[in-house]
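Undergrad: Here you go, this is model.cif (mmCIF, C-alpha atoms; chains and numbers go by the auth columns).
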data_protein
#
loop_
_atom_site.group_PDB
_atom_site.id
_atom_site.type_symbol
_atom_site.label_atom_id
_atom_site.label_comp_id
_atom_site.label_asym_id
_atom_site.label_seq_id
_atom_site.Cartn_x
_atom_site.Cartn_y
_atom_site.Cartn_z
_atom_site.B_iso_or_equiv
_atom_site.auth_seq_id
_atom_site.auth_asym_id
ATOM 1 C CA MET A 1 0.000 0.000 0.000 0.00 1 A
ATOM 2 C CA GLY A 2 1.493 3.335 -1.072 0.00 2 A
ATOM 3 C CA ALA A 3 1.475 6.658 0.693 0.00 3 A
ATOM 4 C CA PRO A 4 -1.722 8.729 0.445 0.00 4 A
ATOM 5 C CA ASP A 5 -1.702 11.267 -2.344 0.00 5 A
ATOM 6 C CA PHE A 6 -2.421 14.651 -0.784 0.00 6 A
ATOM 7 C CA GLY A 7 -2.533 17.889 -2.667 0.00 7 A
ATOM 8 C CA TYR A 8 -1.904 21.441 -1.534 0.00 8 A
ATOM 9 C CA ARG A 9 -5.030 23.608 -1.667 0.00 9 A
ATOM 10 C CA ARG A 10 -4.292 26.941 -0.005 0.00 10 A
ATOM 11 C CA THR A 11 -2.297 28.705 2.669 0.00 11 A
ATOM 12 C CA CYS A 12 -4.527 30.461 5.191 0.00 12 A
ATOM 13 C CA VAL A 13 -3.557 32.719 8.087 0.00 13 A
ATOM 14 C CA TRP A 14 -4.327 32.520 11.809 0.00 14 A
ATOM 15 C CA ILE A 15 -3.981 36.022 13.237 0.00 15 A
ATOM 16 C CA LYS A 16 -3.172 36.006 16.960 0.00 16 A
ATOM 17 C CA PRO A 17 -3.973 39.397 18.507 0.00 17 A
ATOM 18 C CA ASP A 18 -2.345 38.196 21.739 0.00 18 A
ATOM 19 C CA GLY A 19 0.722 36.613 20.107 0.00 19 A
ATOM 20 C CA MET A 20 4.000 36.501 22.012 0.00 20 A
ATOM 21 C CA PRO A 21 6.198 39.595 21.839 0.00 21 A
ATOM 22 C CA GLN A 22 9.784 39.246 20.667 0.00 22 A
ATOM 23 C CA LEU A 23 11.507 39.176 24.056 0.00 23 A
ATOM 24 C CA THR A 24 14.894 40.230 22.674 0.00 24 A
ATOM 25 C CA GLY A 25 13.350 43.442 21.377 0.00 25 A
ATOM 26 C CA ASP A 26 15.432 43.352 18.200 0.00 26 A
ATOM 27 C CA ARG A 27 12.555 42.525 15.813 0.00 27 A
ATOM 28 C CA PRO A 28 8.756 42.361 15.757 0.00 28 A
ATOM 29 C CA GLY A 29 7.008 39.462 17.433 0.00 29 A
ATOM 30 C CA MET A 30 5.018 37.007 15.319 0.00 30 A
ATOM 31 C CA GLY A 31 1.325 37.786 15.369 0.00 31 A
ATOM 32 C CA TYR A 32 0.242 35.080 12.956 0.00 32 A
ATOM 33 C CA GLU A 33 0.749 31.475 11.877 0.00 33 A
ATOM 34 C CA SER A 34 0.324 30.021 8.428 0.00 34 A
ATOM 35 C CA ILE A 35 -2.194 27.214 7.987 0.00 35 A
ATOM 36 C CA VAL A 36 -1.575 24.911 5.040 0.00 36 A
ATOM 37 C CA ALA A 37 -4.775 23.300 3.757 0.00 37 A
ATOM 38 C CA MET A 38 -4.288 19.957 2.036 0.00 38 A
ATOM 39 C CA HIS A 39 -6.821 17.483 0.701 0.00 39 A
ATOM 40 C CA ARG A 40 -6.720 14.062 -0.857 0.00 40 A
ATOM 41 C CA LYS A 41 -6.929 13.933 -4.652 0.00 41 A
ATOM 42 C CA GLY A 42 -10.337 14.797 -6.033 0.00 42 A
ATOM 43 C CA ARG A 43 -12.841 17.435 -5.082 0.00 43 A
ATOM 44 C CA SER A 44 -11.993 19.216 -1.845 0.00 44 A
ATOM 45 C CA ARG A 45 -14.375 20.745 0.664 0.00 45 A
ATOM 46 C CA TRP A 46 -14.747 24.445 1.364 0.00 46 A
ATOM 47 C CA ASN A 47 -17.951 25.392 3.112 0.00 47 A
ATOM 48 C CA GLY A 48 -16.986 29.049 3.397 0.00 48 A
ATOM 49 C CA GLY A 49 -18.348 30.311 0.085 0.00 49 A
ATOM 50 C CA GLY A 50 -16.319 33.313 -1.057 0.00 50 A
ATOM 51 C CA ARG A 51 -14.814 34.247 2.308 0.00 51 A
ATOM 52 C CA VAL A 52 -11.075 34.601 2.744 0.00 52 A
ATOM 53 C CA GLY A 53 -8.871 32.171 4.662 0.00 53 A
ATOM 54 C CA VAL A 54 -8.068 34.552 7.507 0.00 54 A
ATOM 55 C CA PHE A 55 -8.898 33.407 11.037 0.00 55 A
ATOM 56 C CA ILE A 56 -8.622 35.686 14.062 0.00 56 A
ATOM 57 C CA HIS A 57 -8.500 33.971 17.460 0.00 57 A
ATOM 58 C CA ASN A 58 -6.627 34.721 20.645 0.00 58 A
ATOM 59 C CA LYS A 59 -4.000 32.151 21.508 0.00 59 A
ATOM 60 C CA ARG A 60 -4.499 32.407 25.260 0.00 60 A
ATOM 61 C CA HIS A 61 -8.074 31.145 25.134 0.00 61 A
ATOM 62 C CA ALA A 62 -6.843 27.594 24.690 0.00 62 A
ATOM 63 C CA GLU A 63 -8.522 25.373 27.282 0.00 63 A
ATOM 64 C CA VAL A 64 -5.619 22.999 27.827 0.00 64 A
ATOM 65 C CA ASP A 65 -2.178 23.957 29.056 0.00 65 A
ATOM 66 C CA GLY A 66 0.951 21.899 28.762 0.00 66 A
ATOM 67 C CA HIS A 67 1.640 21.864 25.014 0.00 67 A
ATOM 68 C CA PRO A 68 3.892 24.535 23.485 0.00 68 A
ATOM 69 C CA THR A 69 1.908 25.019 20.260 0.00 69 A
ATOM 70 C CA ILE A 70 -1.687 24.413 21.323 0.00 70 A
ATOM 71 C CA LYS A 71 -4.393 25.827 19.093 0.00 71 A
ATOM 72 C CA PRO A 72 -7.598 27.384 20.428 0.00 72 A
ATOM 73 C CA LEU A 73 -10.592 25.076 20.147 0.00 73 A
ATOM 74 C CA GLU A 74 -12.600 27.883 18.509 0.00 74 A
ATOM 75 C CA LEU A 75 -10.044 28.025 15.678 0.00 75 A
ATOM 76 C CA MET A 76 -10.105 24.273 15.104 0.00 76 A
ATOM 77 C CA LEU A 77 -13.927 24.142 15.231 0.00 77 A
ATOM 78 C CA GLU A 78 -14.028 26.816 12.548 0.00 78 A
ATOM 79 C CA LEU A 79 -11.447 25.050 10.347 0.00 79 A
ATOM 80 C CA VAL A 80 -13.065 21.620 10.678 0.00 80 A
ATOM 81 C CA GLU A 81 -16.492 23.045 9.880 0.00 81 A
ATOM 82 C CA LEU A 82 -15.238 24.960 6.838 0.00 82 A
ATOM 83 C CA PHE A 83 -13.046 22.246 5.322 0.00 83 A
ATOM 84 C CA THR A 84 -15.122 19.106 6.033 0.00 84 A
ATOM 85 C CA ASP A 85 -18.643 17.762 6.087 0.00 85 A
ATOM 86 C CA PRO A 86 -20.236 15.548 8.756 0.00 86 A
ATOM 87 C CA ASP A 87 -18.769 12.020 8.817 0.00 87 A
ATOM 88 C CA ASP A 88 -15.680 13.069 6.794 0.00 88 A
ATOM 89 C CA LEU A 89 -12.344 11.642 7.894 0.00 89 A
ATOM 90 C CA ILE A 90 -9.689 14.096 9.132 0.00 90 A
ATOM 91 C CA LEU A 91 -5.991 13.275 9.431 0.00 91 A
ATOM 92 C CA ASP A 92 -3.900 15.255 11.923 0.00 92 A
ATOM 93 C CA PRO A 93 -0.325 13.909 11.776 0.00 93 A
ATOM 94 C CA PHE A 94 0.814 16.305 14.520 0.00 94 A
ATOM 95 C CA ALA A 95 -2.005 15.863 17.051 0.00 95 A
ATOM 96 C CA GLY A 96 -0.346 17.458 20.079 0.00 96 A
ATOM 97 C CA SER A 97 -2.976 17.830 22.793 0.00 97 A
ATOM 98 C CA GLY A 98 -5.817 16.689 20.502 0.00 98 A
ATOM 99 C CA THR A 99 -7.636 19.935 19.705 0.00 99 A
ATOM 100 C CA THR A 100 -8.402 18.773 16.151 0.00 100 A
ATOM 101 C CA GLY A 101 -9.855 15.561 17.581 0.00 101 A
ATOM 102 C CA VAL A 102 -12.075 17.460 20.010 0.00 102 A
ATOM 103 C CA ALA A 103 -13.360 19.638 17.157 0.00 103 A
ATOM 104 C CA ALA A 104 -13.983 16.529 15.034 0.00 104 A
ATOM 105 C CA LEU A 105 -15.958 14.830 17.822 0.00 105 A
ATOM 106 C CA ARG A 106 -18.083 17.917 18.476 0.00 106 A
ATOM 107 C CA LEU A 107 -18.880 18.370 14.787 0.00 107 A
ATOM 108 C CA GLY A 108 -19.563 14.731 13.911 0.00 108 A
ATOM 109 C CA ARG A 109 -16.397 14.047 11.947 0.00 109 A
ATOM 110 C CA ARG A 110 -14.111 11.042 12.169 0.00 110 A
ATOM 111 C CA CYS A 111 -10.399 11.533 12.720 0.00 111 A
ATOM 112 C CA ILE A 112 -7.032 9.856 12.756 0.00 112 A
ATOM 113 C CA LEU A 113 -4.616 11.528 15.140 0.00 113 A
ATOM 114 C CA ILE A 114 -0.874 10.855 15.202 0.00 114 A
ATOM 115 C CA GLU A 115 1.447 12.129 17.942 0.00 115 A
ATOM 116 C CA LYS A 116 5.003 10.852 18.360 0.00 116 A
ATOM 117 C CA ASP A 117 5.655 12.292 21.847 0.00 117 A
ATOM 118 C CA PRO A 118 4.271 9.799 24.427 0.00 118 A
ATOM 119 C CA LYS A 119 3.570 12.612 26.917 0.00 119 A
ATOM 120 C CA TYR A 120 1.352 14.504 24.478 0.00 120 A
ATOM 121 C CA ALA A 121 -0.202 11.328 23.070 0.00 121 A
ATOM 122 C CA ALA A 122 -1.356 10.486 26.619 0.00 122 A
ATOM 123 C CA LEU A 123 -2.710 14.024 27.071 0.00 123 A
ATOM 124 C CA CYS A 124 -4.551 13.702 23.768 0.00 124 A
ATOM 125 C CA ARG A 125 -6.113 10.357 24.763 0.00 125 A
ATOM 126 C CA GLU A 126 -7.182 11.740 28.151 0.00 126 A
ATOM 127 C CA ARG A 127 -8.733 14.803 26.565 0.00 127 A
ATOM 128 C CA LEU A 128 -10.639 12.817 23.929 0.00 128 A
ATOM 129 C CA ALA A 129 -11.912 10.344 26.540 0.00 129 A
ATOM 130 C CA ALA A 130 -13.369 13.261 28.515 0.00 130 A
ATOM 131 C CA GLU A 131 -14.887 14.766 25.381 0.00 131 A
ATOM 132 C CA GLU A 132 -16.518 11.465 24.390 0.00 132 A
ATOM 133 C CA VAL A 133 -18.602 11.496 27.579 0.00 133 A
ATOM 134 C CA GLY A 134 -19.546 15.165 27.208 0.00 134 A
ATOM 135 C CA SER A 135 -16.964 16.615 29.590 0.00 135 A
ATOM 136 C CA THR A 136 -13.760 18.603 29.303 0.00 136 A
ATOM 137 C CA LEU A 137 -10.264 17.640 30.357 0.00 137 A
ATOM 138 C CA HIS A 138 -10.315 20.223 33.153 0.00 138 A
ATOM 139 C CA ALA A 139 -13.654 18.990 34.534 0.00 139 A
ATOM 140 C CA ALA A 140 -12.666 15.321 34.259 0.00 140 A
ATOM 141 C CA ARG A 141 -9.400 15.940 36.113 0.00 141 A
ATOM 142 C CA ALA A 142 -11.316 17.765 38.838 0.00 142 A
ATOM 143 C CA GLY A 143 -13.557 14.728 39.288 0.00 143 A
ATOM 144 C CA GLN A 144 -16.663 16.394 37.888 0.00 144 A
ATOM 145 C CA THR A 145 -19.157 13.874 36.598 0.00 145 A
ATOM 146 C CA VAL A 146 -21.449 14.522 33.667 0.00 146 A
ATOM 147 C CA LEU A 147 -24.948 15.363 34.859 0.00 147 A
ATOM 148 C CA PHE A 148 -26.686 14.772 31.565 0.00 148 A
ATOM 149 C CA ALA A 149 -25.211 12.365 29.056 0.00 149 A
ATOM 150 C CA THR A 150 -24.905 13.830 25.572 0.00 150 A
ATOM 151 C CA LYS A 151 -24.755 10.458 23.839 0.00 151 A
#
Since I need it in another form, could you write the structure as structure tokens?
TA:
Amino acid sequence: MGAPDFGYRRTCVWIKPDGMPQLTGDRPGMGYESIVAMHRKGRSRWNGGGRVGVFIHNKRHAEVDGHPTIKPLELMLELVELFTDPDDLILDPFAGSGTTGVAALRLGRRCILIEKDPKYAALCRERLAAEEVGSTLHAARAGQTVLFATK
């Protein structure tokens, strides 16, 4: 079985109004990240009509700490909703803390998550387990039980 054949679609931009300053003071801090959109061969999804690929979300609103490049859930929900349809399969080869997986679960998408660092893979599994029962990682760690099952 050969490697999947993915094609580049577009580079989008995540603008971070609260991005980190350049601590050395010798150049501007980075207030954005590039997002490369890829899709398997064939027709790709874009549910955004004619809108541009610019996404503005604060970095510090991420609900999980402990990963150096965590993405805000609001950003990933927006990306998953715009680039996929319900029941589509998403591949995230750099899963980190699992934010793409949480967005996929909430929006009814399937996903394959890959994370090489055992520490972050464990964090990702813990977070997705909480999400599957309608909780959050923070609430599950605090011992909060789900009052009303969502599934």
Undergrad: So how many Å separate atom CA of Asn47 of chain A and atom CA of Phe83 of chain A, to one decimal?
TA: 6.2 Å
Undergrad: Taking every listed atom of segment 47-59 of chain A and adding 3 Å to each side, what centre and edge lengths in Å (one decimal) does the axis-aligned box have, as lines of an AutoDock Vina configuration file?
TA:
center_x = -11.2
center_y = 30.5
center_z = 10.2
size_x = 20.3
size_y = 16.3
size_z = 28.6
Undergrad: Starting from the shown file, work through the PyMOL selection byres ((chain A and resi 98) around 9) and note down what comes out as a VMD selection string.
TA: chain A and resid 70 92 94 to 97 99 to 103 113 115 120 to 121 123 to 125 127 to 128
Undergrad: The PyMOL selection byres ((chain A and resi 72) around 12) on the file shown: which residues, as a PyMOL selection string?
TA: chain A and resi 14-16+55-65+67+69-71+73-79+97-100+102-103
Undergrad: Hey, can you check how far atom CA of Arg40 of chain A sits from atom CA of Val80 of chain A?
TA: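 Spanning atom CA of Arg40 of chain A to atom CA of Val80 of chain A is a straight-line distance of 15.2 Å.
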Undergrad: Can you pull out the residues contacting Ile35 of chain A? Cut-off 8 Å, using only C-alpha atoms, and skip same-chain residues under 2 positions away; I want them as a list in words.
TA: Thr11, Cys12, Val13, Trp14, Glu33 and Ala37 of chain A
Undergrad: Can you measure atom CA of Met38 of chain A to atom CA of Arg106 of chain A for me? One decimal in Å is fine.
TA: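 One can read the atom CA of Met38 of chain A to atom CA of Arg106 of chain A distance as 21.6 Å.
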Undergrad: Of the candidates A:Pro93, A:Val133, A:Val52, A:Ala104, which one gets nearest to Asp117 of chain A if we count all atoms listed in the file?
TA: A:Pro93
Undergrad: So, counting all atoms listed in the file, which residue among A:Leu107, A:Thr145, A:Arg10, A:Pro17 is closest to Gly29 of chain A?
TA: A:Pro17
Undergrad: Written as a PyMOL selection string, which residues does the PyMOL selection byres ((chain A and resi 141) around 12) give for the file shown?
TA: chain A and resi 64+123+126-127+129-130+135-140+142-145
Undergrad: Output segment 104-139 of chain A with N, CA and C atoms present, as an mmCIF file, keeping the file's coordinate frame.
TA:
data_model
loop_
_atom_site.group_PDB
_atom_site.id
_atom_site.type_symbol
_atom_site.label_atom_id
_atom_site.label_comp_id
_atom_site.auth_asym_id
_atom_site.auth_seq_id
_atom_site.Cartn_x
_atom_site.Cartn_y
_atom_site.Cartn_z
ATOM 1 N N ALA A 104 -13.369 17.570 15.864
ATOM 2 C CA ALA A 104 -13.983 16.529 15.034
ATOM 3 C C ALA A 104 -15.124 15.834 15.776
ATOM 4 N N LEU A 105 -14.903 15.481 17.040
ATOM 5 C CA LEU A 105 -15.958 14.830 17.822
ATOM 6 C C LEU A 105 -17.180 15.730 17.958
ATOM 7 N N ARG A 106 -16.956 16.986 18.276
ATOM 8 C CA ARG A 106 -18.083 17.917 18.476
ATOM 9 C C ARG A 106 -18.876 18.156 17.201
ATOM 10 N N LEU A 107 -18.210 18.064 16.049
ATOM 11 C CA LEU A 107 -18.880 18.370 14.787
ATOM 12 C C LEU A 107 -19.269 17.133 13.984
ATOM 13 N N GLY A 108 -19.124 15.952 14.581
ATOM 14 C CA GLY A 108 -19.563 14.731 13.911
ATOM 15 C C GLY A 108 -18.660 14.267 12.792
ATOM 16 N N ARG A 109 -17.365 14.529 12.926
ATOM 17 C CA ARG A 109 -16.397 14.047 11.947
ATOM 18 C C ARG A 109 -15.590 12.912 12.554
ATOM 19 N N ARG A 110 -15.018 12.087 11.717
ATOM 20 C CA ARG A 110 -14.111 11.042 12.169
ATOM 21 C C ARG A 110 -12.690 11.585 12.040
ATOM 22 N N CYS A 111 -11.763 11.019 12.822
ATOM 23 C CA CYS A 111 -10.399 11.533 12.720
ATOM 24 C C CYS A 111 -9.372 10.462 13.046
ATOM 25 N N ILE A 112 -8.221 10.643 12.446
ATOM 26 C CA ILE A 112 -7.032 9.856 12.756
ATOM 27 C C ILE A 112 -6.017 10.855 13.283
ATOM 28 N N LEU A 113 -5.571 10.629 14.510
ATOM 29 C CA LEU A 113 -4.616 11.528 15.140
ATOM 30 C C LEU A 113 -3.305 10.795 15.361
ATOM 31 N N ILE A 114 -2.201 11.433 15.020
ATOM 32 C CA ILE A 114 -0.874 10.855 15.202
ATOM 33 C C ILE A 114 -0.050 11.816 16.033
ATOM 34 N N GLU A 115 0.564 11.316 17.100
ATOM 35 C CA GLU A 115 1.447 12.129 17.942
ATOM 36 C C GLU A 115 2.606 11.263 18.386
ATOM 37 N N LYS A 116 3.828 11.672 18.059
ATOM 38 C CA LYS A 116 5.003 10.852 18.360
ATOM 39 C C LYS A 116 5.484 10.979 19.799
ATOM 40 N N ASP A 117 5.201 12.089 20.469
ATOM 41 C CA ASP A 117 5.655 12.292 21.847
ATOM 42 C C ASP A 117 4.693 11.576 22.804
ATOM 43 N N PRO A 118 5.157 10.563 23.539
ATOM 44 C CA PRO A 118 4.271 9.799 24.427
ATOM 45 C C PRO A 118 3.541 10.670 25.457
ATOM 46 N N LYS A 119 4.195 11.703 25.939
ATOM 47 C CA LYS A 119 3.570 12.612 26.917
ATOM 48 C C LYS A 119 2.338 13.286 26.319
ATOM 49 N N TYR A 120 2.474 13.809 25.108
ATOM 50 C CA TYR A 120 1.352 14.504 24.478
ATOM 51 C C TYR A 120 0.323 13.526 23.928
ATOM 52 N N ALA A 121 0.754 12.350 23.508
ATOM 53 C CA ALA A 121 -0.202 11.328 23.070
ATOM 54 C C ALA A 121 -1.112 10.930 24.232
ATOM 55 N N ALA A 122 -0.551 10.807 25.430
ATOM 56 C CA ALA A 122 -1.356 10.486 26.619
ATOM 57 C C ALA A 122 -2.323 11.623 26.937
ATOM 58 N N LEU A 123 -1.849 12.861 26.839
ATOM 59 C CA LEU A 123 -2.710 14.024 27.071
ATOM 60 C C LEU A 123 -3.853 14.038 26.068
ATOM 61 N N CYS A 124 -3.545 13.754 24.824
ATOM 62 C CA CYS A 124 -4.551 13.702 23.768
ATOM 63 C C CYS A 124 -5.604 12.636 24.060
ATOM 64 N N ARG A 125 -5.166 11.436 24.446
ATOM 65 C CA ARG A 125 -6.113 10.357 24.763
ATOM 66 C C ARG A 125 -7.001 10.735 25.944
ATOM 67 N N GLU A 126 -6.411 11.333 26.969
ATOM 68 C CA GLU A 126 -7.182 11.740 28.151
ATOM 69 C C GLU A 126 -8.227 12.798 27.789
ATOM 70 N N ARG A 127 -7.822 13.730 26.974
ATOM 71 C CA ARG A 127 -8.733 14.803 26.565
ATOM 72 C C ARG A 127 -9.889 14.275 25.717
ATOM 73 N N LEU A 128 -9.590 13.375 24.778
ATOM 74 C CA LEU A 128 -10.639 12.817 23.929
ATOM 75 C C LEU A 128 -11.584 11.916 24.712
ATOM 76 N N ALA A 129 -11.057 11.190 25.694
ATOM 77 C CA ALA A 129 -11.912 10.344 26.540
ATOM 78 C C ALA A 129 -12.910 11.212 27.298
ATOM 79 N N ALA A 130 -12.466 12.346 27.817
ATOM 80 C CA ALA A 130 -13.369 13.261 28.515
ATOM 81 C C ALA A 130 -14.417 13.809 27.552
ATOM 82 N N GLU A 131 -13.975 14.192 26.382
ATOM 83 C CA GLU A 131 -14.887 14.766 25.381
ATOM 84 C C GLU A 131 -15.940 13.752 24.944
ATOM 85 N N GLU A 132 -15.574 12.495 24.827
ATOM 86 C CA GLU A 132 -16.518 11.465 24.390
ATOM 87 C C GLU A 132 -17.691 11.281 25.344
ATOM 88 N N VAL A 133 -17.499 11.613 26.617
ATOM 89 C CA VAL A 133 -18.602 11.496 27.579
ATOM 90 C C VAL A 133 -19.238 12.849 27.871
ATOM 91 N N GLY A 134 -18.912 13.859 27.064
ATOM 92 C CA GLY A 134 -19.546 15.165 27.208
ATOM 93 C C GLY A 134 -18.905 16.059 28.256
ATOM 94 N N SER A 135 -17.657 15.816 28.583
ATOM 95 C CA SER A 135 -16.964 16.615 29.590
ATOM 96 C C SER A 135 -15.789 17.341 28.932
ATOM 97 N N THR A 136 -15.003 17.994 29.760
ATOM 98 C CA THR A 136 -13.760 18.603 29.303
ATOM 99 C C THR A 136 -12.627 17.995 30.109
ATOM 100 N N LEU A 137 -11.418 18.161 29.635
ATOM 101 C CA LEU A 137 -10.264 17.640 30.357
ATOM 102 C C LEU A 137 -10.188 18.239 31.758
ATOM 103 N N HIS A 138 -10.385 19.544 31.856
ATOM 104 C CA HIS A 138 -10.315 20.223 33.153
ATOM 105 C C HIS A 138 -11.353 19.665 34.130
ATOM 106 N N ALA A 139 -12.588 19.509 33.669
ATOM 107 C CA ALA A 139 -13.654 18.990 34.534
ATOM 108 C C ALA A 139 -13.396 17.537 34.918
#
